[in-house]
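**Student:** What follows is the file my_file29.txt, containing compact mmCIF, C-alpha atoms:
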```txt
# COMPACT_ATOMS: atom_id res chain seq x y z
CA MET E 221 -20.88 30.55 -5.23
CA GLY E 222 -20.98 28.07 -8.04
CA SER E 223 -24.69 27.42 -7.76
CA ALA E 224 -26.31 30.74 -7.06
CA GLY E 225 -29.91 31.78 -7.54
CA GLY E 226 -31.45 29.85 -4.67
CA ALA E 227 -32.63 27.09 -7.01
CA LEU E 228 -32.33 23.49 -5.96
CA ILE E 229 -28.91 22.06 -6.60
CA LYS E 230 -29.16 19.61 -9.45
CA PRO E 231 -27.22 16.36 -9.67
CA VAL E 232 -24.09 16.77 -11.74
CA GLU E 233 -24.33 14.92 -15.03
CA GLN E 234 -21.39 16.19 -17.03
CA GLY E 235 -17.90 15.08 -16.14
CA VAL E 236 -14.41 15.00 -17.54
CA SER E 237 -13.22 12.41 -20.05
CA PRO E 238 -11.18 9.59 -18.48
CA LEU E 239 -8.28 10.44 -20.78
CA SER E 240 -7.86 13.97 -19.47
CA ALA E 241 -8.27 12.71 -15.91
CA MET E 242 -5.44 10.25 -16.59
CA GLY E 243 -3.36 13.07 -18.02
CA ALA E 244 -3.88 15.12 -14.88
CA VAL E 245 -2.83 12.25 -12.62
CA PHE E 246 0.22 11.56 -14.77
CA GLY E 247 1.16 15.24 -14.87
CA ARG E 248 0.81 15.68 -11.13
CA ASP E 249 3.00 12.66 -10.37
CA VAL E 250 5.72 13.84 -12.74
CA ARG E 251 5.61 17.33 -11.25
CA VAL E 252 5.84 16.04 -7.68
CA ALA E 253 8.74 13.77 -8.67
CA PHE E 254 10.70 16.65 -10.16
CA ARG E 255 10.24 18.68 -6.99
CA GLN E 256 11.88 15.82 -5.06
CA ARG E 257 14.72 14.84 -7.30
CA GLN E 258 16.70 12.66 -4.87
CA ASP E 259 13.86 10.13 -4.99
CA LEU E 260 14.34 10.03 -8.75
CA LEU E 261 18.09 9.51 -8.47
CA ASN E 262 17.94 6.70 -5.89
CA PRO E 263 17.07 3.79 -8.20
CA LEU E 264 19.42 5.07 -10.89
CA LEU E 265 22.32 5.34 -8.48
CA PHE E 266 21.55 1.87 -7.14
CA PHE E 267 21.56 0.50 -10.71
CA VAL E 268 24.91 2.07 -11.54
CA MET E 269 26.51 1.04 -8.27
CA VAL E 270 25.48 -2.61 -8.41
CA VAL E 271 26.63 -3.00 -12.02
CA SER E 272 29.93 -1.23 -11.43
CA LEU E 273 30.68 -3.22 -8.25
CA PHE E 274 30.40 -6.58 -10.01
CA PRO E 275 33.68 -6.35 -11.94
CA LEU E 276 35.39 -5.24 -8.72
CA GLY E 277 33.82 -7.85 -6.49
CA VAL E 278 33.74 -10.91 -8.74
CA SER E 279 36.11 -10.67 -11.68
CA PRO E 280 37.16 -7.96 -14.10
CA GLU E 281 37.91 -10.56 -16.82
CA VAL E 282 36.43 -9.69 -20.18
CA SER E 283 35.14 -13.21 -20.85
CA PHE E 284 33.31 -13.38 -17.53
CA LEU E 285 31.76 -9.94 -17.95
CA GLN E 286 30.69 -10.65 -21.52
CA GLN E 287 28.97 -13.81 -20.41
CA SER E 288 27.22 -12.48 -17.32
CA GLY E 289 26.92 -8.78 -18.15
CA ALA E 290 23.35 -8.94 -19.42
CA GLY E 291 22.29 -10.91 -16.36
CA ILE E 292 23.94 -8.42 -14.00
CA LEU E 293 22.23 -5.49 -15.71
CA TRP E 294 18.85 -7.18 -15.65
CA VAL E 295 19.08 -8.17 -11.98
CA ALA E 296 20.26 -4.69 -11.02
CA ALA E 297 17.43 -3.06 -13.00
CA LEU E 298 14.89 -5.41 -11.43
CA LEU E 299 16.07 -4.62 -7.91
CA ALA E 300 16.20 -0.89 -8.67
CA VAL E 301 12.54 -0.96 -9.73
CA LEU E 302 11.65 -3.03 -6.66
CA LEU E 303 13.39 -0.46 -4.47
CA SER E 304 11.29 2.37 -5.85
CA LEU E 305 7.94 0.60 -5.67
CA ASP E 306 7.13 1.47 -2.09
CA HIS E 307 6.90 5.15 -3.09
CA LEU E 308 4.31 4.49 -5.79
CA PHE E 309 1.28 4.93 -3.52
CA ARG E 310 2.85 5.58 -0.09
CA HIS E 311 3.09 9.40 -0.20
CA ASP E 312 -0.38 9.69 -1.72
CA PHE E 313 -1.72 7.43 0.99
CA ASP E 314 -0.11 9.49 3.76
CA ASP E 315 -1.28 12.91 2.59
CA GLY E 316 -4.79 11.80 1.64
CA THR E 317 -4.56 12.42 -2.11
CA LEU E 318 -5.09 8.71 -2.68
CA GLU E 319 -8.50 8.92 -1.02
CA GLN E 320 -9.44 11.73 -3.36
CA LEU E 321 -8.12 9.73 -6.31
CA VAL E 322 -10.33 6.76 -5.43
CA LEU E 323 -13.33 9.08 -5.04
CA GLN E 324 -12.95 10.60 -8.47
CA PRO E 325 -15.86 9.83 -10.79
CA GLN E 326 -13.54 7.95 -13.11
CA PRO E 327 -12.70 4.30 -13.65
CA LEU E 328 -10.07 3.74 -10.96
CA PHE E 329 -8.04 1.27 -13.02
CA LEU E 330 -7.34 3.97 -15.59
CA LEU E 331 -6.08 6.38 -12.94
CA VAL E 332 -3.93 3.63 -11.47
CA LEU E 333 -2.61 2.90 -14.95
CA ALA E 334 -1.68 6.59 -15.32
CA LYS E 335 0.17 6.49 -12.00
CA THR E 336 1.98 3.31 -12.99
CA LEU E 337 2.98 4.76 -16.35
CA ALA E 338 4.35 7.83 -14.56
CA HIS E 339 6.29 5.52 -12.26
CA TRP E 340 7.75 3.68 -15.24
CA MET E 341 8.68 6.89 -17.01
CA LEU E 342 10.46 8.15 -13.90
CA THR E 343 12.29 4.92 -12.92
CA GLY E 344 12.17 2.29 -15.66
CA LEU E 345 12.84 4.53 -18.63
CA PRO E 346 15.95 6.20 -17.13
CA LEU E 347 17.32 2.69 -16.46
CA VAL E 348 16.79 1.76 -20.12
CA ILE E 349 18.54 4.96 -21.22
CA LEU E 350 21.47 4.31 -18.90
CA ALA E 351 21.80 0.64 -19.82
CA PRO E 352 23.92 1.10 -23.00
CA VAL E 353 26.61 2.96 -21.04
CA LEU E 354 26.79 0.20 -18.44
CA GLY E 355 26.62 -2.38 -21.24
CA VAL E 356 29.82 -0.97 -22.71
CA MET E 357 31.38 -1.07 -19.25
CA VAL E 358 30.79 -4.84 -18.98
CA HIS E 359 32.18 -5.40 -22.52
CA LEU E 360 28.95 -6.37 -24.25
CA ASP E 361 29.11 -6.08 -28.03
CA GLY E 362 26.90 -3.67 -29.94
CA ASN E 363 24.30 -6.21 -30.98
CA SER E 364 23.92 -7.54 -27.43
CA ILE E 365 23.53 -4.03 -26.07
CA ALA E 366 20.81 -3.25 -28.59
CA ILE E 367 18.91 -6.44 -27.72
CA LEU E 368 19.46 -5.84 -23.99
CA CYS E 369 17.97 -2.35 -24.24
CA LEU E 370 15.05 -3.68 -26.22
CA THR E 371 14.31 -6.32 -23.58
CA LEU E 372 14.60 -3.72 -20.83
CA LEU E 373 12.30 -1.41 -22.75
CA ILE E 374 9.65 -4.14 -22.93
CA GLY E 375 10.44 -5.62 -19.52
CA THR E 376 10.61 -2.61 -17.18
CA PRO E 377 6.98 -1.56 -17.76
CA VAL E 378 6.01 -5.12 -16.82
CA LEU E 379 8.02 -4.72 -13.60
CA SER E 380 6.24 -1.44 -12.79
CA LEU E 381 2.81 -2.87 -13.58
CA ILE E 382 3.22 -6.06 -11.56
CA GLY E 383 4.86 -4.05 -8.80
CA SER E 384 1.88 -1.72 -8.56
CA ILE E 385 -0.26 -4.67 -7.44
CA GLY E 386 2.13 -5.46 -4.61
CA ALA E 387 2.52 -1.80 -3.64
CA ALA E 388 -1.26 -1.39 -3.49
CA LEU E 389 -1.74 -4.57 -1.46
CA THR E 390 0.88 -3.72 1.16
CA LEU E 391 -0.12 -0.07 1.49
CA GLY E 392 -1.72 -0.23 4.92
CA LEU E 393 0.99 -2.33 6.50
CA ARG E 394 3.84 -1.14 8.68
CA SER E 395 6.55 -3.53 7.50
CA ALA E 396 5.50 -3.35 3.89
CA GLY E 397 9.00 -3.53 2.37
CA VAL E 398 9.76 -7.18 3.10
CA LEU E 399 6.28 -8.40 2.24
CA LEU E 400 6.30 -6.43 -0.99
CA SER E 401 9.53 -8.14 -2.10
CA LEU E 402 8.22 -11.57 -1.14
CA LEU E 403 5.00 -11.00 -3.07
CA ILE E 404 6.52 -9.51 -6.17
CA ILE E 405 9.83 -11.33 -6.75
CA PRO E 406 8.22 -14.63 -7.83
CA LEU E 407 6.20 -12.73 -10.42
CA TYR E 408 9.33 -10.96 -11.65
CA ILE E 409 11.24 -14.19 -12.27
CA PRO E 410 9.69 -15.06 -15.67
CA VAL E 411 10.42 -11.55 -16.93
CA LEU E 412 14.02 -11.86 -15.76
CA ILE E 413 14.48 -15.29 -17.32
CA PHE E 414 13.15 -14.24 -20.70
CA GLY E 415 14.94 -10.90 -20.57
CA THR E 416 18.35 -12.42 -20.04
CA GLY E 417 17.47 -15.41 -22.25
CA THR E 418 16.88 -13.09 -25.19
CA VAL E 419 20.32 -11.51 -24.85
CA ALA E 420 21.98 -14.92 -24.45
CA ALA E 421 20.25 -16.18 -27.58
CA ALA E 422 21.32 -13.08 -29.48
CA ALA E 423 24.94 -13.60 -28.35
CA GLU E 424 24.87 -17.14 -29.76
CA GLY E 425 23.40 -15.89 -33.01
CA ALA E 426 20.07 -17.64 -32.47
CA PRO E 427 16.85 -15.92 -33.60
CA VAL E 428 15.33 -13.76 -30.85
CA GLY E 429 11.92 -13.13 -32.39
CA GLY E 430 10.22 -15.78 -30.29
CA TYR E 431 11.72 -14.47 -27.06
CA LEU E 432 10.71 -10.91 -27.86
CA ALA E 433 7.20 -12.02 -28.77
CA LEU E 434 6.89 -13.73 -25.39
CA MET E 435 8.10 -10.62 -23.59
CA GLY E 436 5.60 -8.58 -25.58
CA ALA E 437 2.93 -11.01 -24.43
CA PHE E 438 4.00 -10.42 -20.82
CA LEU E 439 3.65 -6.69 -21.39
CA VAL E 440 0.18 -6.99 -22.92
CA LEU E 441 -0.92 -9.29 -20.13
CA ALA E 442 0.38 -6.96 -17.42
CA LEU E 443 -1.01 -3.88 -19.14
CA THR E 444 -4.50 -5.35 -19.35
CA LEU E 445 -4.71 -7.13 -16.00
CA ALA E 446 -2.45 -5.36 -13.50
CA PRO E 447 -4.38 -2.04 -13.32
CA PHE E 448 -7.58 -3.89 -12.40
CA ALA E 449 -5.79 -5.87 -9.69
CA SER E 450 -4.08 -2.74 -8.33
CA ALA E 451 -7.32 -0.79 -8.28
CA ALA E 452 -9.05 -3.57 -6.34
CA ALA E 453 -6.08 -3.83 -3.97
CA LEU E 454 -6.16 -0.07 -3.37
CA ARG E 455 -9.81 -0.22 -2.41
CA ILE E 456 -9.06 -3.00 0.08
CA SER E 457 -6.10 -1.13 1.56
CA LEU E 458 -8.13 2.07 1.96
CA SER E 459 -11.02 0.12 3.47
CA ASN E 460 -8.78 -1.04 6.27
CA SER E 461 -7.13 2.25 7.04
CA MET H 18 -39.53 16.77 -4.60
CA SER H 19 -37.54 15.98 -1.53
CA GLU H 20 -36.58 12.46 -2.36
CA PRO H 21 -33.64 11.38 -0.18
CA LEU H 22 -30.24 11.73 -1.82
CA LEU H 23 -28.68 9.04 0.27
CA GLN H 24 -30.51 6.46 2.28
CA ALA H 25 -28.88 4.10 4.75
CA ILE H 26 -30.82 1.02 5.80
CA ASP H 27 -29.69 -1.25 8.63
CA LEU H 28 -26.04 -0.28 8.36
CA GLU H 29 -23.74 -2.40 10.42
CA CYS H 30 -20.01 -2.10 10.83
CA GLU H 31 -17.48 -3.95 12.89
CA ARG H 32 -13.94 -2.78 13.39
CA ASP H 33 -11.23 -4.75 15.15
CA GLU H 34 -13.87 -7.17 16.43
CA ARG H 35 -15.80 -4.32 18.02
CA LEU H 36 -19.28 -3.49 16.88
CA LEU H 37 -19.38 0.20 15.98
CA PHE H 38 -23.01 0.42 14.99
CA LYS H 39 -25.87 -1.88 14.06
CA ASN H 40 -29.34 -1.33 12.60
CA LEU H 41 -28.39 2.24 11.76
CA SER H 42 -30.91 3.73 9.37
CA PHE H 43 -31.27 7.30 8.21
CA SER H 44 -32.03 9.39 5.14
CA ILE H 45 -30.20 12.43 3.93
CA LEU H 46 -32.56 14.83 2.21
CA PRO H 47 -31.57 17.71 -0.03
CA GLY H 48 -31.43 20.99 1.84
CA THR H 49 -30.48 19.52 5.20
CA LEU H 50 -27.55 19.90 7.51
CA THR H 51 -26.77 16.86 9.63
CA ARG H 52 -24.18 16.41 12.31
CA VAL H 53 -22.82 12.98 13.21
CA GLU H 54 -22.21 12.88 16.95
CA GLY H 55 -20.50 10.45 19.25
CA ALA H 56 -17.53 10.01 21.54
CA ASN H 57 -14.00 9.32 20.31
CA GLY H 58 -13.87 5.92 18.69
CA SER H 59 -17.62 5.66 18.26
CA GLY H 60 -17.23 5.33 14.50
CA LYS H 61 -17.95 8.81 13.14
CA THR H 62 -15.08 8.77 10.68
CA THR H 63 -15.81 5.16 9.77
CA LEU H 64 -19.43 6.04 9.03
CA LEU H 65 -18.40 8.94 6.82
CA ARG H 66 -15.87 6.79 4.98
CA ILE H 67 -18.54 4.16 4.42
CA LEU H 68 -20.94 6.77 3.06
CA ALA H 69 -18.24 8.25 0.84
CA GLY H 70 -17.42 4.83 -0.59
CA LEU H 71 -13.92 4.52 0.86
CA ASN H 72 -14.69 1.75 3.30
CA ASP H 73 -16.27 -1.40 1.89
CA ALA H 74 -16.33 -3.42 5.11
CA TRP H 75 -19.96 -2.96 6.11
CA ALA H 76 -23.31 -4.71 5.90
CA GLY H 77 -26.73 -3.29 5.08
CA HIS H 78 -28.02 -1.18 2.21
CA LEU H 79 -27.00 2.18 0.87
CA LEU H 80 -29.32 3.75 -1.66
CA TRP H 81 -28.24 6.66 -3.82
CA CYS H 82 -31.28 8.50 -5.27
CA GLY H 83 -33.39 5.44 -4.58
CA LYS H 84 -31.11 2.92 -6.27
CA SER H 85 -28.37 0.76 -4.82
CA ARG H 86 -25.17 2.78 -4.73
CA ALA H 87 -23.19 -0.01 -6.39
CA TYR H 88 -25.50 0.37 -9.39
CA ASP H 89 -23.88 3.58 -10.60
CA ARG H 90 -20.77 4.30 -8.62
CA GLU H 91 -19.45 6.92 -11.00
CA SER H 92 -22.57 9.03 -10.77
CA PHE H 93 -22.43 8.72 -6.98
CA HIS H 94 -18.81 9.89 -6.84
CA ARG H 95 -19.51 12.73 -9.26
CA ASN H 96 -22.21 14.03 -6.93
CA THR H 97 -20.41 13.59 -3.63
CA LEU H 98 -17.68 15.67 -2.10
CA TYR H 99 -15.72 14.10 0.74
CA LEU H 100 -13.14 15.93 2.80
CA GLY H 101 -11.36 13.71 5.29
CA HIS H 102 -8.97 13.96 8.21
CA ARG H 103 -6.09 14.04 5.80
CA PRO H 104 -6.58 17.10 3.64
CA GLY H 105 -5.54 15.50 0.35
CA ILE H 106 -2.98 18.20 -0.33
CA LYS H 107 0.45 17.44 -1.79
CA PRO H 108 3.06 19.32 0.28
CA LEU H 109 5.34 19.76 -2.74
CA LEU H 110 2.74 21.37 -4.97
CA THR H 111 1.39 24.90 -4.72
CA PRO H 112 -2.23 25.48 -3.61
CA MET H 113 -3.13 26.23 -7.21
CA GLU H 114 -1.60 23.01 -8.55
CA ASN H 115 -3.25 21.05 -5.76
CA LEU H 116 -6.69 22.43 -6.51
CA ARG H 117 -6.22 21.89 -10.21
CA ALA H 118 -5.26 18.25 -9.62
CA LEU H 119 -8.20 17.69 -7.27
CA MET H 120 -10.71 19.10 -9.75
CA ALA H 121 -9.14 17.64 -12.88
CA GLY H 122 -10.97 14.31 -12.79
CA ARG H 123 -14.27 15.87 -11.78
CA ARG H 124 -15.12 18.70 -14.12
CA PRO H 125 -13.39 21.37 -16.16
CA VAL H 126 -12.63 24.47 -14.09
CA THR H 127 -10.79 27.55 -15.25
CA ASP H 128 -7.83 28.90 -13.32
CA ASP H 129 -9.73 32.13 -12.61
CA VAL H 130 -12.38 30.22 -10.70
CA LEU H 131 -9.72 28.38 -8.70
CA GLN H 132 -7.93 31.65 -8.01
CA GLN H 133 -11.15 33.15 -6.70
CA ALA H 134 -11.73 30.12 -4.49
CA LEU H 135 -8.26 30.48 -3.00
CA GLU H 136 -8.85 34.17 -2.38
CA GLY H 137 -12.19 33.29 -0.80
CA THR H 138 -10.44 31.13 1.79
CA GLY H 139 -7.92 33.83 2.62
CA LEU H 140 -5.06 32.39 0.61
CA ALA H 141 -4.66 35.27 -1.80
CA GLY H 142 -0.98 35.66 -2.64
CA TYR H 143 -0.08 32.11 -1.58
CA GLY H 144 -0.90 30.65 -4.98
CA ASP H 145 2.73 29.99 -5.87
CA VAL H 146 4.07 28.86 -2.50
CA PRO H 147 4.56 25.08 -2.01
CA CYS H 148 2.01 23.84 0.48
CA ARG H 149 4.65 22.47 2.83
CA ASN H 150 5.61 26.09 3.59
CA LEU H 151 2.06 26.83 4.69
CA SER H 152 0.73 26.31 8.20
CA ALA H 153 -1.55 23.40 9.03
CA GLY H 154 -4.55 25.70 9.02
CA GLN H 155 -3.63 27.17 5.67
CA GLN H 156 -3.19 23.69 4.19
CA ARG H 157 -6.64 22.79 5.46
CA ARG H 158 -7.94 25.99 3.84
CA VAL H 159 -6.58 24.84 0.49
CA ALA H 160 -8.72 21.72 0.80
CA LEU H 161 -11.68 23.82 1.96
CA ALA H 162 -11.37 26.06 -1.09
CA ARG H 163 -13.10 23.21 -2.91
CA LEU H 164 -16.27 23.96 -0.97
CA LEU H 165 -16.44 27.36 -2.65
CA ILE H 166 -16.51 25.87 -6.14
CA ALA H 167 -18.21 22.56 -5.35
CA ASP H 168 -21.42 21.80 -7.17
CA GLU H 169 -21.85 18.32 -5.73
CA PRO H 170 -25.26 17.98 -4.03
CA LEU H 171 -23.89 15.89 -1.15
CA TRP H 172 -21.03 17.00 1.09
CA LEU H 173 -19.41 14.66 3.59
CA LEU H 174 -17.11 16.67 5.82
CA ASP H 175 -14.98 14.95 8.43
CA GLU H 176 -13.54 17.25 11.10
CA VAL H 177 -13.28 20.20 8.73
CA PHE H 178 -12.78 22.71 11.54
CA THR H 179 -9.46 21.21 12.63
CA ALA H 180 -6.69 23.84 12.74
CA ILE H 181 -9.01 26.58 11.46
CA ASP H 182 -9.16 29.89 13.35
CA ALA H 183 -12.37 31.33 14.85
CA GLU H 184 -12.99 33.63 11.93
CA GLY H 185 -12.60 30.78 9.47
CA VAL H 186 -14.91 28.57 11.50
CA SER H 187 -17.71 31.09 11.40
CA ALA H 188 -17.18 31.57 7.67
CA ILE H 189 -17.53 27.82 7.14
CA GLU H 190 -20.63 27.71 9.34
CA THR H 191 -22.21 30.41 7.21
CA LEU H 192 -21.22 28.56 4.07
CA LEU H 193 -22.75 25.30 5.28
CA GLN H 194 -26.01 26.99 6.20
CA GLN H 195 -26.14 28.79 2.90
CA ARG H 196 -25.49 25.50 1.18
CA ALA H 197 -28.37 23.78 2.97
CA ALA H 198 -30.65 26.71 2.12
CA GLU H 199 -29.74 26.29 -1.53
CA GLY H 200 -30.76 22.66 -1.46
CA GLY H 201 -27.44 20.90 -0.89
CA ALA H 202 -27.11 18.17 1.70
CA VAL H 203 -24.31 18.43 4.23
CA LEU H 204 -23.13 15.81 6.69
CA VAL H 205 -20.44 16.86 9.18
CA THR H 206 -18.55 15.38 12.06
CA THR H 207 -16.85 17.75 14.46
CA HIS H 208 -15.78 18.10 18.05
CA HIS H 209 -16.27 21.79 17.60
CA ASP H 210 -19.38 23.18 19.28
CA LEU H 211 -21.48 23.53 16.17
CA GLN H 212 -25.02 24.76 16.78
CA LEU H 213 -26.87 25.74 13.67
CA PRO H 214 -30.62 26.16 13.34
CA GLY H 215 -32.38 23.26 11.68
CA MET H 216 -29.45 20.92 12.13
CA GLY H 217 -30.24 17.22 12.24
CA ARG H 218 -28.27 14.73 14.29
CA ILE H 219 -27.10 11.17 13.95
CA VAL H 220 -25.87 9.90 17.29
CA LEU H 221 -23.47 6.97 17.37
CA GLY H 222 -22.55 4.78 20.30
CA GLU H 223 -25.83 5.13 22.20
CA GLY H 224 -28.17 2.31 23.07
CA GLN H 225 -26.13 -0.19 21.11
CA SER H 226 -24.99 -3.06 23.25
CA ASN H 227 -21.80 -4.69 22.13
CA GLY H 228 -21.82 -8.35 21.11
```
Starting from the file, give its structure as structure tokens.
**Tutor:**
Amino acid sequence: MGSAGGALIKPVEQGVSPLSAMGAVFGRDVRVAFRQRQDLLNPLLFFVMVVSLFPLGVSPEVSFLQQSGAGILWVAALLAVLLSLDHLFRHDFDDGTLEQLVLQPQPLFLLVLAKTLAHWMLTGLPLVILAPVLGVMVHLDGNSIAILCLTLLIGTPVLSLIGSIGAALTLGLRSAGVLLSLLIIPLYIPVLIFGTGTVAAAAEGAPVGGYLALMGAFLVLALTLAPFASAAALRISLSNS
Amino acid sequence: MSEPLLQAIDLECERDERLLFKNLSFSILPGTLTRVEGANGSGKTTLLRILAGLNDAWAGHLLWCGKSRAYDRESFHRNTLYLGHRPGIKPLLTPMENLRALMAGRRPVTDDVLQQALEGTGLAGYGDVPCRNLSAGQQRRVALARLLIADEPLWLLDEVFTAIDAEGVSAIETLLQQRAAEGGAVLVTTHHDLQLPGMGRIVLGEGQSNG
């Protein structure tokens, strides 16, 4: 027994630092994801399929693809992230690990942030890495591809962070998928507009610093506010279950 | 010396427009074993979730060591162990990884201690098997292994005997009694016929008219 000796059990004072608790949450999510690899491949496959179907379905002309390529990639990436959001808390909710997460003596928003970062690393980051290949496929030039990847690199964490709020809010509901999309898509639109706007500006030779600064502002805003909102939403969802 | 760990004053909870309990007051002292009783749907699980801090839809006062629980939530969580209906075990992870993840945010524990806890619940040799390959009872035992290393003064255990065999049940009973003797406070709900000496009771769904 941990507390032998028959003495009265004393209240526990010492804990674990929030940082190592975050690391544990992050590590566990990554480990679980790698034991279930098809869930990891789903958004990636979706991304590749949507982008590669556009030339077939609309027009394979180089001029068309050059003009709309960045937009196609951004929309496909956005939908791929949206597709994966339902998994963010769902499995944890079903097997009860989410309850234990909420009951940890740690600031919940930090643990949620760790989960969201794991989600981004497992869905958003692979999309960013794959984007140059698909960029070449839709005839984007080197400079546009570089800018596109940069916007995706700044933009996809925003998508994960905003998405975590929606995923947490719709956790207890049966038809969560539709509601999640309806809640989240309006919040994704500014990110999409500035993401594609940056690439368009770069293609015209205009300076992109302002655009990138705005996207960075989105990221900072999401990083500082979304975890609090998600943590509050999680508490509400668990309250009603 | 025996100041109540947790004190509930005039707790009231409504669920789906049905009053579960009202004017419910009780104290949980260190060194006591309390069983929450009531029929199905009388709000046992809801009460435990409220006490654990999972359910926020209630009225009344909850005092933790004499102060409002909202005052220092982290200290409350650090000193409370809640095991619910759902065991909190990831089917894809091994028992060892599960325990490690469950303890990680609470306090530093060495792998040896965790290994001993697993052996103590009869899971020796299953340390590297994914939990989805274990039976329901064995999965529950993984969650229960936490009781062997827990140092939280307050335990809230919801239906812990589910899927556990007779031998396991008596082992848990002994553990709970031992715990109370050592000065820990234990609150359990169970449909299992649990009769332990000195056990207190909180009865739900009696003498409470609806509406």
**Student:** Which residues, written as a compact mmCIF listing (two decimals) with C-alpha atoms, keeping the file's coordinate frame, have at least one atom at most 12 Å from Arg255 in chain E, with all atoms listed in the file counted and residues fewer than 6 positions away on the same chain left out?
**Tutor:**
```txt
# COMPACT_ATOMS: atom_id res chain seq x y z
CA ARG E 248 0.81 15.68 -11.13
CA ASP E 249 3.00 12.66 -10.37
CA LYS H 107 0.45 17.44 -1.79
CA PRO H 108 3.06 19.32 0.28
CA LEU H 109 5.34 19.76 -2.74
CA LEU H 110 2.74 21.37 -4.97
CA THR H 111 1.39 24.90 -4.72
CA PRO H 147 4.56 25.08 -2.01
CA ARG H 149 4.65 22.47 2.83
```
**Student:** Could you write out as a ChimeraX atom specification the residues of chain H within 9 Å of chain E, counting all atoms listed in the file?
**Tutor:** /H:32,47-48,66-67,69-74,90-110,114-115,117-125,165-170,198-201
**Student:** At a cut-off of 12 Å around the point (8.3, -15.2, -18.3) (file coordinates), what residues fall inside when counting all atoms listed in the file? I'd like the answer as a PyMOL selection string.
**Tutor:** chain E and resi 371+375+378-379+406-418+431-439+441-442
**Student:** With only C-alpha atoms as the atoms that count, which of H:Thr127, H:Ser19, H:Ser42, H:Gln194 lies nearest to Leu64 in chain H?
**Tutor:**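 Comparing H:Thr127, H:Ser19, H:Ser42, H:Gln194 against Leu64 in chain H, the winner is H:Ser42.
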**Student:** Just want the 12 Å neighbourhood of Lys84 in chain H, counted on only C-alpha atoms, with same-chain residues fewer than 3 positions away dropped. Output as a ChimeraX atom specification.
**Tutor:** /H:20-25,78-81,87-90,92-93
**Student:** Do you know which residues are at most 6 Å from Arg52 in chain H counting all atoms listed in the file, after dropping those on the same chain fewer than 2 positions away, and could you put them as a PyMOL selection string?
**Tutor:** chain H and resi 204-206+218
**Student:** Please compute the CA of Thr336 in chain E-CA of Leu400 in chain E distance, one decimal, in Å.
**Tutor:**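 Calculated distance between CA of Thr336 in chain E and CA of Leu400 in chain E is 16.0 Å.
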